[in-house]
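Raw contents of entry_25.tsv, TSV, C-alpha atoms:
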chain	number	residue	atom	x	y	z
Y	1	MET	CA	-22.42	68.92	15.88
Y	2	THR	CA	-18.99	67.68	15.06
Y	3	SER	CA	-17.07	69.35	12.32
Y	4	PRO	CA	-15.91	67.43	9.21
Y	5	GLU	CA	-12.28	67.80	10.30
Y	6	LEU	CA	-13.03	66.10	13.65
Y	7	GLN	CA	-14.84	63.27	11.89
Y	8	SER	CA	-11.93	62.71	9.54
Y	9	GLN	CA	-9.53	62.60	12.50
Y	10	GLU	CA	-11.71	60.00	14.24
Y	11	LEU	CA	-11.87	57.89	11.07
Y	12	SER	CA	-8.13	58.06	10.60
Y	13	THR	CA	-7.61	57.01	14.22
Y	14	ALA	CA	-9.99	54.05	13.77
Y	15	ASP	CA	-8.19	53.02	10.59
Y	16	LYS	CA	-4.87	53.12	12.39
Y	17	LEU	CA	-6.27	50.96	15.19
Y	18	ASP	CA	-7.63	48.46	12.65
Y	19	ASP	CA	-4.26	48.32	10.94
Y	20	GLU	CA	-2.49	47.75	14.24
Y	21	ILE	CA	-4.92	44.98	15.18
Y	22	ALA	CA	-4.45	43.32	11.78
Y	23	LYS	CA	-0.66	43.50	12.14
Y	24	LEU	CA	-0.82	42.02	15.63
Y	25	ARG	CA	-3.02	39.17	14.43
Y	26	ALA	CA	-0.66	38.45	11.54
Y	27	GLN	CA	2.26	38.48	13.97
Y	28	VAL	CA	0.46	36.06	16.29
Y	29	GLU	CA	-0.22	33.68	13.39
Y	30	SER	CA	3.42	33.89	12.34
Y	31	LEU	CA	4.57	33.12	15.87
Y	32	LYS	CA	2.21	30.14	16.02
Y	33	ARG	CA	3.65	28.77	12.79
Y	34	ASP	CA	7.19	29.28	14.06
Y	35	LEU	CA	6.30	27.53	17.31
Y	36	GLN	CA	4.83	24.59	15.40
Y	37	ILE	CA	7.92	24.33	13.20
Y	38	HIS	CA	10.29	24.42	16.18
Y	39	THR	CA	8.16	21.87	18.05
Y	40	THR	CA	8.21	19.54	15.06
Y	41	THR	CA	11.97	19.94	14.67
Y	42	LEU	CA	12.61	19.16	18.33
Y	43	LEU	CA	10.28	16.17	18.42
Y	44	ALA	CA	11.84	14.74	15.27
Y	45	SER	CA	15.37	14.92	16.67
Y	46	LYS	CA	16.97	11.74	17.96
Y	47	PRO	CA	18.09	13.12	21.38
Y	48	ILE	CA	14.58	14.31	22.25
Y	49	GLN	CA	13.07	10.98	21.23
Y	50	ASP	CA	15.61	9.10	23.34
Y	51	LEU	CA	14.92	11.39	26.30
Y	52	LEU	CA	11.16	10.87	26.02
Y	53	SER	CA	11.66	7.13	25.75
Y	54	LEU	CA	13.85	7.04	28.86
Y	55	GLN	CA	11.38	9.16	30.79
Y	56	ARG	CA	8.48	6.97	29.73
Y	57	ASP	CA	10.33	3.81	30.71
Y	58	GLY	CA	11.48	5.28	34.01
Y	59	ASP	CA	8.06	6.43	35.23
Y	60	PRO	CA	5.26	4.84	33.17
Y	61	ALA	CA	2.57	5.86	35.66
Y	62	LEU	CA	3.38	9.55	35.27
Y	63	ALA	CA	3.43	9.29	31.48
Y	64	ALA	CA	0.07	7.53	31.51
Y	65	GLN	CA	-1.74	10.42	33.22
Y	66	PRO	CA	-4.00	12.06	30.60
Y	67	GLY	CA	-3.49	15.67	31.67
Y	68	SER	CA	0.23	15.61	32.40
Y	69	ASP	CA	2.85	17.34	30.30
Y	70	GLU	CA	4.62	14.02	29.79
Y	71	ALA	CA	1.49	12.48	28.28
Y	72	ARG	CA	1.05	15.48	25.99
Y	73	LEU	CA	4.67	15.29	24.85
Y	74	ALA	CA	4.34	11.55	24.28
Y	75	ARG	CA	1.22	12.10	22.19
Y	76	LEU	CA	2.90	14.83	20.14
Y	77	ALA	CA	5.96	12.62	19.62
Y	78	ALA	CA	3.78	9.72	18.46
Y	79	ASP	CA	1.91	12.00	16.06
Y	80	GLN	CA	5.18	13.35	14.69
Y	81	LYS	CA	6.55	9.84	14.20
Y	82	ALA	CA	3.40	8.79	12.34
Y	83	HIS	CA	3.59	11.92	10.19
Y	84	GLY	CA	7.23	11.26	9.34
Y	85	GLN	CA	6.48	7.66	8.45
Y	86	GLN	CA	3.63	8.76	6.19
Y	87	CYS	CA	5.86	11.31	4.46
Y	88	LEU	CA	8.53	8.67	3.91
Y	89	TYR	CA	5.94	6.29	2.51
Y	90	ARG	CA	4.66	8.92	0.10
Y	91	ALA	CA	8.20	9.70	-1.03
Y	92	CYS	CA	8.99	6.03	-1.70
Y	93	ALA	CA	5.59	4.83	-2.90
Y	94	SER	CA	6.09	6.14	-6.46
Y	95	VAL	CA	2.45	7.09	-6.93
Y	96	THR	CA	1.83	10.26	-8.92
Y	97	THR	CA	-1.26	11.97	-10.30
Y	98	PHE	CA	-1.67	14.01	-13.46
Y	99	ARG	CA	-4.43	15.56	-15.53
Y	100	VAL	CA	-5.24	14.66	-19.11
Y	101	ARG	CA	-8.02	15.55	-21.51
Y	102	ASP	CA	-10.07	12.96	-23.35
Y	103	PRO	CA	-9.99	13.79	-27.08
Y	104	ASP	CA	-13.46	12.30	-27.56
Y	105	PRO	CA	-15.84	15.21	-28.30
Y	106	CYS	CA	-18.64	13.31	-26.53
Y	107	ALA	CA	-16.61	12.66	-23.37
Y	108	VAL	CA	-18.25	13.35	-20.03
Y	109	ASP	CA	-17.23	16.26	-17.81
Y	110	GLY	CA	-15.76	18.13	-20.75
Y	111	GLY	CA	-13.13	15.44	-21.29
Y	112	ARG	CA	-11.38	16.11	-17.98
Y	113	VAL	CA	-9.63	12.97	-16.69
Y	114	LEU	CA	-7.55	12.41	-13.58
Y	115	GLY	CA	-4.70	9.93	-14.10
Y	116	VAL	CA	-2.91	7.96	-11.38
Y	117	ARG	CA	0.45	6.34	-12.18
Y	118	PHE	CA	1.76	3.41	-10.10
Y	119	GLU	CA	5.43	2.45	-10.26
Y	120	VAL	CA	6.36	-0.85	-8.64
Y	121	MET	CA	9.90	-2.08	-8.07
Y	122	SER	CA	10.54	-5.81	-8.31
Y	123	ARG	CA	13.86	-7.66	-8.37
Y	124	THR	CA	15.91	-4.43	-8.11
Y	125	ARG	CA	14.26	-2.74	-11.07
Y	126	PHE	CA	11.10	-0.80	-11.84
Y	127	ALA	CA	8.41	-2.62	-13.78
Y	128	ARG	CA	6.31	-1.00	-16.46
Y	129	PRO	CA	4.09	1.64	-14.79
Y	130	TYR	CA	0.40	1.00	-14.32
Y	131	TYR	CA	-2.17	3.69	-15.05
Y	132	VAL	CA	-5.69	4.27	-13.76
Y	133	MET	CA	-7.82	6.98	-15.38
Y	134	LEU	CA	-10.71	8.48	-13.42
Y	135	ASN	CA	-13.50	10.72	-14.63
Y	136	ARG	CA	-16.70	12.25	-13.26
Y	137	PRO	CA	-19.64	10.90	-15.26
Y	138	TYR	CA	-22.43	11.70	-12.77
Y	139	PRO	CA	-24.27	14.94	-13.65
Y	140	ASN	CA	-26.12	15.10	-10.33
Y	141	SER	CA	-22.97	14.46	-8.31
Y	142	PRO	CA	-20.02	16.23	-9.93
Y	143	ARG	CA	-17.55	15.26	-7.19
Y	144	HIS	CA	-17.92	11.48	-7.51
Y	145	LEU	CA	-15.22	9.65	-9.44
Y	146	ARG	CA	-15.36	6.48	-11.51
Y	147	VAL	CA	-12.66	4.30	-13.07
Y	148	HIS	CA	-12.64	5.19	-16.77
Y	149	ARG	CA	-9.64	3.25	-18.15
Y	150	HIS	CA	-6.78	1.31	-16.61
Y	151	THR	CA	-3.79	-0.90	-17.40
Y	152	VAL	CA	-3.92	-2.94	-14.19
Y	153	PRO	CA	-3.62	-6.73	-14.66
Y	154	ALA	CA	-6.88	-8.66	-14.61
Y	155	CYS	CA	-5.73	-10.70	-11.61
Y	156	VAL	CA	-5.69	-7.57	-9.41
Y	157	PRO	CA	-9.18	-6.93	-7.94
Y	158	LEU	CA	-9.51	-3.37	-9.22
Y	159	SER	CA	-13.30	-3.48	-9.58
Y	160	GLY	CA	-13.72	-4.68	-6.00
Y	161	LEU	CA	-11.46	-1.95	-4.65
Y	162	ALA	CA	-13.31	0.66	-6.68
Y	163	ALA	CA	-16.67	-0.58	-5.42
Y	164	ARG	CA	-15.40	-0.41	-1.84
Y	165	HIS	CA	-13.57	2.92	-1.87
Y	166	LEU	CA	-15.18	4.74	-4.83
Y	167	PRO	CA	-18.88	3.84	-4.58
Y	168	PRO	CA	-21.24	5.56	-7.02
Y	169	PRO	CA	-23.61	8.24	-5.76
Y	170	PRO	CA	-27.10	7.20	-4.63
Y	171	GLY	CA	-29.66	6.91	-7.39
Y	172	PRO	CA	-32.90	8.87	-7.71
Y	173	ALA	CA	-35.34	8.55	-4.84
Y	174	SER	CA	-38.10	5.99	-5.23
Y	175	PRO	CA	-41.80	6.87	-4.61
Y	176	ASP	CA	-41.77	5.13	-1.25
Y	177	ALA	CA	-38.39	6.53	-0.20
Y	178	GLU	CA	-39.96	8.57	2.56
Y	179	ALA	CA	-41.49	5.48	4.14
Y	180	ASP	CA	-38.25	3.51	3.94
Y	181	ARG	CA	-35.94	6.33	5.01
Y	182	ASP	CA	-35.53	4.92	8.50
Y	183	GLU	CA	-34.46	1.55	7.10
Y	184	GLU	CA	-31.92	2.92	4.62
Y	185	THR	CA	-28.24	2.72	5.42
Y	186	PRO	CA	-26.12	5.69	4.40
Y	187	ARG	CA	-23.86	5.04	1.44
Y	188	LYS	CA	-20.14	5.26	2.03
Y	189	ARG	CA	-18.31	8.35	0.91
Y	190	GLN	CA	-15.59	8.07	-1.69
Y	191	ASP	CA	-12.03	7.90	-0.41
Y	192	LEU	CA	-9.51	8.31	-3.24
Y	193	PRO	CA	-6.33	8.14	-1.08
Y	194	ARG	CA	-7.48	4.88	0.50
Y	195	PHE	CA	-8.30	3.48	-2.94
Y	196	VAL	CA	-4.83	4.37	-4.22
Y	197	ARG	CA	-3.12	2.82	-1.18
Y	198	ALA	CA	-5.15	-0.38	-1.43
Y	199	LEU	CA	-4.52	-0.72	-5.17
Y	200	ARG	CA	-0.79	-0.16	-4.80
Y	201	ARG	CA	-0.67	-2.75	-2.02
Y	202	GLU	CA	-2.33	-5.31	-4.31
Y	203	LEU	CA	0.08	-4.49	-7.14
Y	204	VAL	CA	3.09	-4.91	-4.86
Y	205	ARG	CA	1.72	-8.21	-3.55
Y	206	TYR	CA	1.24	-9.48	-7.09
Y	207	HIS	CA	4.78	-8.58	-8.14
Y	208	ASN	CA	6.21	-10.11	-4.97
Y	209	ARG	CA	4.43	-13.39	-5.68
Y	210	VAL	CA	5.71	-13.42	-9.25
Y	211	ALA	CA	9.23	-12.69	-8.01
Y	212	VAL	CA	9.00	-15.58	-5.55
Y	213	VAL	CA	8.32	-17.98	-8.43
Y	214	GLY	CA	11.51	-16.73	-10.08
Y	215	ASP	CA	13.43	-17.21	-6.84
Y	216	LEU	CA	12.23	-20.80	-6.61
Y	217	ARG	CA	13.29	-21.49	-10.19
Y	218	LYS	CA	16.70	-20.06	-9.40
Y	219	ALA	CA	16.98	-22.15	-6.24
Y	220	VAL	CA	16.36	-25.41	-8.15
Y	221	GLY	CA	18.68	-24.46	-11.02
Y	222	LEU	CA	16.05	-23.64	-13.67
Y	223	ASP	CA	17.25	-20.10	-14.35
Y	224	GLY	CA	19.84	-21.14	-16.96
Y	225	SER	CA	22.68	-21.50	-14.49
Y	226	LYS	CA	25.01	-24.15	-15.89
Y	227	ARG	CA	26.75	-24.62	-12.58
Y	228	ARG	CA	23.49	-25.37	-10.79
Y	229	ARG	CA	22.45	-27.90	-13.44
Y	230	GLU	CA	25.80	-29.67	-13.32
Y	231	SER	CA	25.61	-29.78	-9.53
Y	232	ALA	CA	22.13	-31.30	-9.68
Y	233	GLU	CA	23.22	-33.89	-12.25
Y	234	THR	CA	26.27	-34.85	-10.17
Y	235	GLU	CA	24.13	-35.20	-7.08
Y	236	THR	CA	21.65	-37.33	-9.04
Y	237	ASP	CA	24.40	-39.69	-10.14
Y	238	GLN	CA	25.89	-39.97	-6.67
Y	239	SER	CA	22.90	-40.26	-4.38
Y	240	ALA	CA	20.01	-41.09	-6.74
Y	241	ALA	CA	18.29	-37.82	-5.83
Y	242	ILE	CA	15.34	-36.77	-7.99
Y	243	PRO	CA	15.78	-33.17	-9.16
Y	244	VAL	CA	13.00	-30.66	-9.73
Y	245	VAL	CA	12.52	-30.09	-13.47
Y	246	ASP	CA	9.88	-27.34	-13.50
Y	247	VAL	CA	8.56	-24.59	-11.24
Y	248	SER	CA	5.88	-22.27	-12.60
Y	249	ALA	CA	2.83	-20.28	-11.58
Y	250	ALA	CA	-0.37	-22.29	-11.86
Y	251	ASP	CA	-2.79	-19.36	-11.94
Y	252	ALA	CA	-2.87	-15.75	-13.09
Y	253	GLU	CA	-2.62	-14.38	-9.55
Y	254	ALA	CA	0.55	-16.43	-8.89
Y	255	LYS	CA	-0.96	-17.70	-5.64
Y	256	GLN	CA	-0.49	-21.32	-6.68
Y	257	ILE	CA	2.85	-22.77	-7.78
Y	258	ARG	CA	3.24	-25.94	-9.82
Y	259	ILE	CA	6.30	-28.13	-9.08
Y	260	GLU	CA	7.31	-31.14	-11.18
Y	261	TRP	CA	10.02	-33.72	-10.53
Y	262	ALA	CA	12.00	-35.79	-13.02
Y	263	ASP	CA	10.31	-39.05	-11.97
Y	264	GLY	CA	6.83	-37.77	-12.81
Y	265	ARG	CA	5.77	-36.51	-9.40
Y	266	SER	CA	3.92	-33.21	-9.39
Y	267	GLY	CA	3.04	-30.84	-6.59
Y	268	ARG	CA	0.90	-27.79	-5.98
Y	269	LEU	CA	1.83	-25.13	-3.44
Y	270	VAL	CA	-0.78	-22.59	-2.34
Y	271	MET	CA	0.05	-19.29	-0.63
Y	272	ASP	CA	-2.02	-16.33	0.49
Y	273	ASP	CA	-1.79	-12.70	-0.62
Y	274	ASP	CA	1.18	-11.95	1.63
Y	275	GLY	CA	3.27	-15.03	0.79
Y	276	ARG	CA	2.37	-17.26	3.73
Y	277	ILE	CA	2.15	-20.94	2.85
Y	278	VAL	CA	-1.39	-22.28	3.06
Y	279	ARG	CA	-0.94	-25.84	1.80
Y	280	MET	CA	1.22	-28.09	-0.36
Y	281	VAL	CA	0.22	-31.38	-1.96
Y	282	VAL	CA	2.51	-33.73	-3.91
Y	283	GLN	CA	1.10	-36.57	-6.03
Y	284	GLY	CA	3.17	-39.51	-7.20
Y	285	ALA	CA	2.60	-42.87	-8.84
Y	286	ASP	CA	1.38	-44.33	-5.55
Y	287	GLY	CA	-0.85	-41.42	-4.61
Y	288	ARG	CA	-0.16	-38.55	-2.26
Y	289	ASP	CA	3.50	-38.18	-1.24
Y	290	ARG	CA	3.62	-36.41	2.12
Y	291	GLU	CA	7.32	-37.10	2.67
Y	292	THR	CA	8.35	-35.25	-0.48
Y	293	ALA	CA	6.16	-32.30	0.47
Y	294	ARG	CA	7.67	-32.23	3.94
Y	295	GLN	CA	11.23	-32.30	2.58
Y	296	PHE	CA	10.47	-29.65	-0.02
Y	297	LEU	CA	9.00	-27.26	2.55
Y	298	GLY	CA	11.65	-27.92	5.17
Y	299	GLY	CA	9.47	-26.46	7.92
Y	300	ALA	CA	9.03	-23.14	6.08
Y	301	VAL	CA	6.13	-20.87	6.98
Y	302	ARG	CA	6.62	-18.27	4.25
Y	303	ILE	CA	7.34	-18.89	0.61
Y	304	GLU	CA	10.67	-17.01	0.77
Y	305	GLU	CA	11.99	-19.51	3.29
Y	306	ILE	CA	11.63	-22.35	0.77
Y	307	SER	CA	14.15	-20.72	-1.57
Y	308	ARG	CA	16.74	-20.49	1.19
Y	309	HIS	CA	16.00	-24.07	2.22
Y	310	LEU	CA	16.41	-25.37	-1.33
Y	311	GLU	CA	19.66	-23.49	-1.86
Y	312	SER	CA	21.07	-24.95	1.35
Y	313	THR	CA	20.02	-28.54	0.61
Y	314	GLY	CA	20.97	-28.74	-3.05
Y	315	ALA	CA	17.49	-28.16	-4.50
Y	316	SER	CA	16.48	-31.83	-4.70
Y	317	THR	CA	14.40	-34.32	-2.78
Y	318	THR	CA	14.81	-38.02	-2.34

Structure translated into structure tokens:
Amino acid sequence: MTSPELQSQELSTADKLDDEIAKLRAQVESLKRDLQIHTTTLLASKPIQDLLSLQRDGDPALAAQPGSDEARLARLAADQKAHGQQCLYRACASVTTFRVRDPDPCAVDGGRVLGVRFEVMSRTRFARPYYVMLNRPYPNSPRHLRVHRHTVPACVPLSGLAARHLPPPPGPASPDAEADRDEETPRKRQDLPRFVRALRRELVRYHNRVAVVGDLRKAVGLDGSKRRRESAETETDQSAAIPVVDVSAADAEAKQIRIEWADGRSGRLVMDDDGRIVRMVVQGADGRDRETARQFLGGAVRIEEISRHLESTGASTT
């Protein structure tokens, strides 16, 4: 039989070995982190990116081989570029989250509310922030979120985005659920980051469309510029040009723009969510006026191009 002193020596030796193994594992993890940091730093540097680009252009067949070192470096460089772009987007997107407590004593989930603040810049200044409050009202699914309150304009499809990216949990099973299980389609999981990105994109689109209406008013001299009005009046006297007297949004989403001329002609310009021109119709005393619509558009494809065209042609049509 072994003596107690020998057993204690064996235990102390085992403890020392365990400590050494733990230290070695911690050192390995630290070296892995350092290697990842150095790899990221090198791949993010401009000289390394230029070198990889030259090598890829010089021998595309070698870079296309799946198991080659060049293909692995190209994949790591692409991942690093995507990560940097995402970090830049998050830094400039001006979307922040915060926690608040609902003072209502009957509030669900103990009054815990997650707030999301959206800040949108338009015409070189920040607009009033928009807020979306989310809570967890489902007792059987405590991780599912729902839009509780918001300050988003009614023209932004918040409910549709919430239904797409924040679907409610499945309801209680029906008596014949077992028979219909094979025919059921699995419900989508909630994706809060995707919901936030989609909502911010819609808010930016809305503000861009509203800003375009202001740019058009400025281009035709309706922004209070005395010099533009005098120029339009002088041009009217000299060449009998008919100036535009009103430009305004025709709907809440600012996707349709109403244009009116001094001689009674009126037009309607329709654009899509991203500002591409869909259609323009001008009606006069004799019916549809295609020539005026053609001159007003000036071959523009996007709505921003019309402002530049109007500024260059004097903001009037004959």

| field | Among listed residues Y:Pro168, Y:Met133, Y:Glu304, Y:Pro153, nearest Phe98 in chain Y (using all atoms listed in the file) | value |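 Smallest distance to Phe98 in chain Y is found for Y:Met133.
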
| field | Between CA of Glu119 in chain Y and CA of Ala219 in chain Y - distance in Å to one decimal | value |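 These atoms are spaced 27.5 Å apart.
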
| field | Å distance separating CA of Ile277 in chain Y from CA of Ile259 in chain Y, one decimal place | value | 14.5 Å

| remark: From CA of Arg164 in chain Y to CA of Asp191 in chain Y the spacing works out at 9.1 Å

| query | In terms of the shortest atom-to-atom distance over all atoms listed in the file, which of Y:Thr41, Y:Asp104, Y:Thr97, Y:Trp261 is closest to Gln80 in chain Y? | reply |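 When distances to Gln80 in chain Y are compared using all atoms listed in the file, the smallest one comes from Y:Thr41.
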
| request: Select, from Y:Val247, Y:Leu51, Y:Ala127, Y:Ala293, the residue with the minimum atom-to-atom distance to Leu216 in chain Y, counting all atoms listed in the file. | output: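 Of Y:Val247, Y:Leu51, Y:Ala127, Y:Ala293, the one nearest Leu216 in chain Y, counting all atoms listed in the file, is Y:Val247.
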
| said: Measuring between all atoms listed in the file, which one of Y:Arg136, Y:Ile37, Y:Arg146, Y:Pro193 shows the shortest distance to Ala107 in chain Y? | reply: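 Among the listed residues, Y:Arg136 lies closest to Ala107 in chain Y.
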
| said: Restricting the calculation to all atoms listed in the file: of Y:Thr96, Y:Ser248, Y:Ser307, Y:Asn135, which residue gets closest to Leu114 in chain Y? | reply: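 Checking each of Y:Thr96, Y:Ser248, Y:Ser307, Y:Asn135 against Leu114 in chain Y, counting all atoms listed in the file, the winner is Y:Asn135.
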
| field | Which residue of Y:Val120, Y:Val220, Y:Ala300, Y:Leu88 approaches His207 in chain Y most closely, using only C-alpha atoms | value | Y:Val120

Set the distance at 8 Å and use all atoms listed in the file: which residues neighbour Arg258 in chain Y once local chain neighbours fewer than 4 positions away are removed? I'd like the list as a PDB file with C-alpha atoms, in the coordinates of the input.
ATOM      1  CA  ASP Y 246       9.880 -27.340 -13.500  1.00  0.00           C
ATOM      2  CA  VAL Y 247       8.560 -24.590 -11.240  1.00  0.00           C
ATOM      3  CA  SER Y 248       5.880 -22.270 -12.600  1.00  0.00           C
ATOM      4  CA  ALA Y 249       2.830 -20.280 -11.580  1.00  0.00           C
ATOM      5  CA  ALA Y 250      -0.370 -22.290 -11.860  1.00  0.00           C
ATOM      6  CA  SER Y 266       3.920 -33.210  -9.390  1.00  0.00           C
ATOM      7  CA  GLY Y 267       3.040 -30.840  -6.590  1.00  0.00           C
ATOM      8  CA  ARG Y 268       0.900 -27.790  -5.980  1.00  0.00           C
ATOM      9  CA  LEU Y 269       1.830 -25.130  -3.440  1.00  0.00           C
TER      10      LEU Y 269
END

| Sphere at (3.5, -4.9, -7.6), radius 12 Å, counting only C-alpha atoms: residues as an MDAnalysis selection string | chainID Y and resid 93:94 118:123 125:130 152:153 155:156 198:211 253:254 273:274

Enclose the full set of atoms of range 30-43 of chain Y listed in the file within a box whose edges lie along x, y and z, apply 8 Å of padding to each of the six sides, and report centre and edge lengths in Å to one decimal as lines of an AutoDock Vina configuration file.
center_x = 7.4
center_y = 25.0
center_z = 15.4
size_x = 26.4
size_y = 33.7
size_z = 22.1

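Residues with at least one atom no more than 12 Å from (4.5, -34.9, 1.8), using only C-alpha atoms, are Arg265, Ser266, Gly267, Arg268, Leu269, Arg279, Met280, Val281, Val282, Gln283, Gly284, Gly287, Arg288, Asp289, Arg290, Glu291, Thr292, Ala293, Arg294, Gln295, Phe296, Leu297, Gly298, Gly299, Thr317 and Thr318 of chain Y.
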
| task | Find the spatial neighbours of Leu134 in chain Y, counting only C-alpha atoms, within a cut-off of 9 Å - ignore same-chain residues fewer than 4 positions away - and output them as a list in words. | result | Arg112, Val113, Leu114, Gly115, Val116, Leu145, Arg146, Val147, His148, Arg149 and His150 of chain Y

Serialized range 94-112 of chain Y w/ C-alpha atoms as a PDB file, in the first residue's frame:
ATOM      1  CA  SER Y  94     -26.804  56.092 -37.248  1.00  0.00           C
ATOM      2  CA  VAL Y  95     -28.933  53.273 -35.862  1.00  0.00           C
ATOM      3  CA  THR Y  96     -28.749  52.788 -32.105  1.00  0.00           C
ATOM      4  CA  THR Y  97     -30.604  50.620 -29.611  1.00  0.00           C
ATOM      5  CA  PHE Y  98     -31.522  51.335 -26.015  1.00  0.00           C
ATOM      6  CA  ARG Y  99     -33.628  49.858 -23.239  1.00  0.00           C
ATOM      7  CA  VAL Y 100     -36.584  51.548 -21.607  1.00  0.00           C
ATOM      8  CA  ARG Y 101     -39.242  50.472 -19.139  1.00  0.00           C
ATOM      9  CA  ASP Y 102     -42.942  50.864 -19.786  1.00  0.00           C
ATOM     10  CA  PRO Y 103     -44.493  52.696 -16.803  1.00  0.00           C
ATOM     11  CA  ASP Y 104     -47.792  50.878 -17.315  1.00  0.00           C
ATOM     12  CA  PRO Y 105     -48.214  48.464 -14.365  1.00  0.00           C
ATOM     13  CA  CYS Y 106     -50.067  46.049 -16.663  1.00  0.00           C
ATOM     14  CA  ALA Y 107     -47.363  46.058 -19.349  1.00  0.00           C
ATOM     15  CA  VAL Y 108     -46.238  42.725 -20.754  1.00  0.00           C
ATOM     16  CA  ASP Y 109     -42.833  41.232 -20.002  1.00  0.00           C
ATOM     17  CA  GLY Y 110     -42.490  43.310 -16.854  1.00  0.00           C
ATOM     18  CA  GLY Y 111     -42.494  46.537 -18.859  1.00  0.00           C
ATOM     19  CA  ARG Y 112     -39.195  45.785 -20.587  1.00  0.00           C
TER      20      ARG Y 112
END
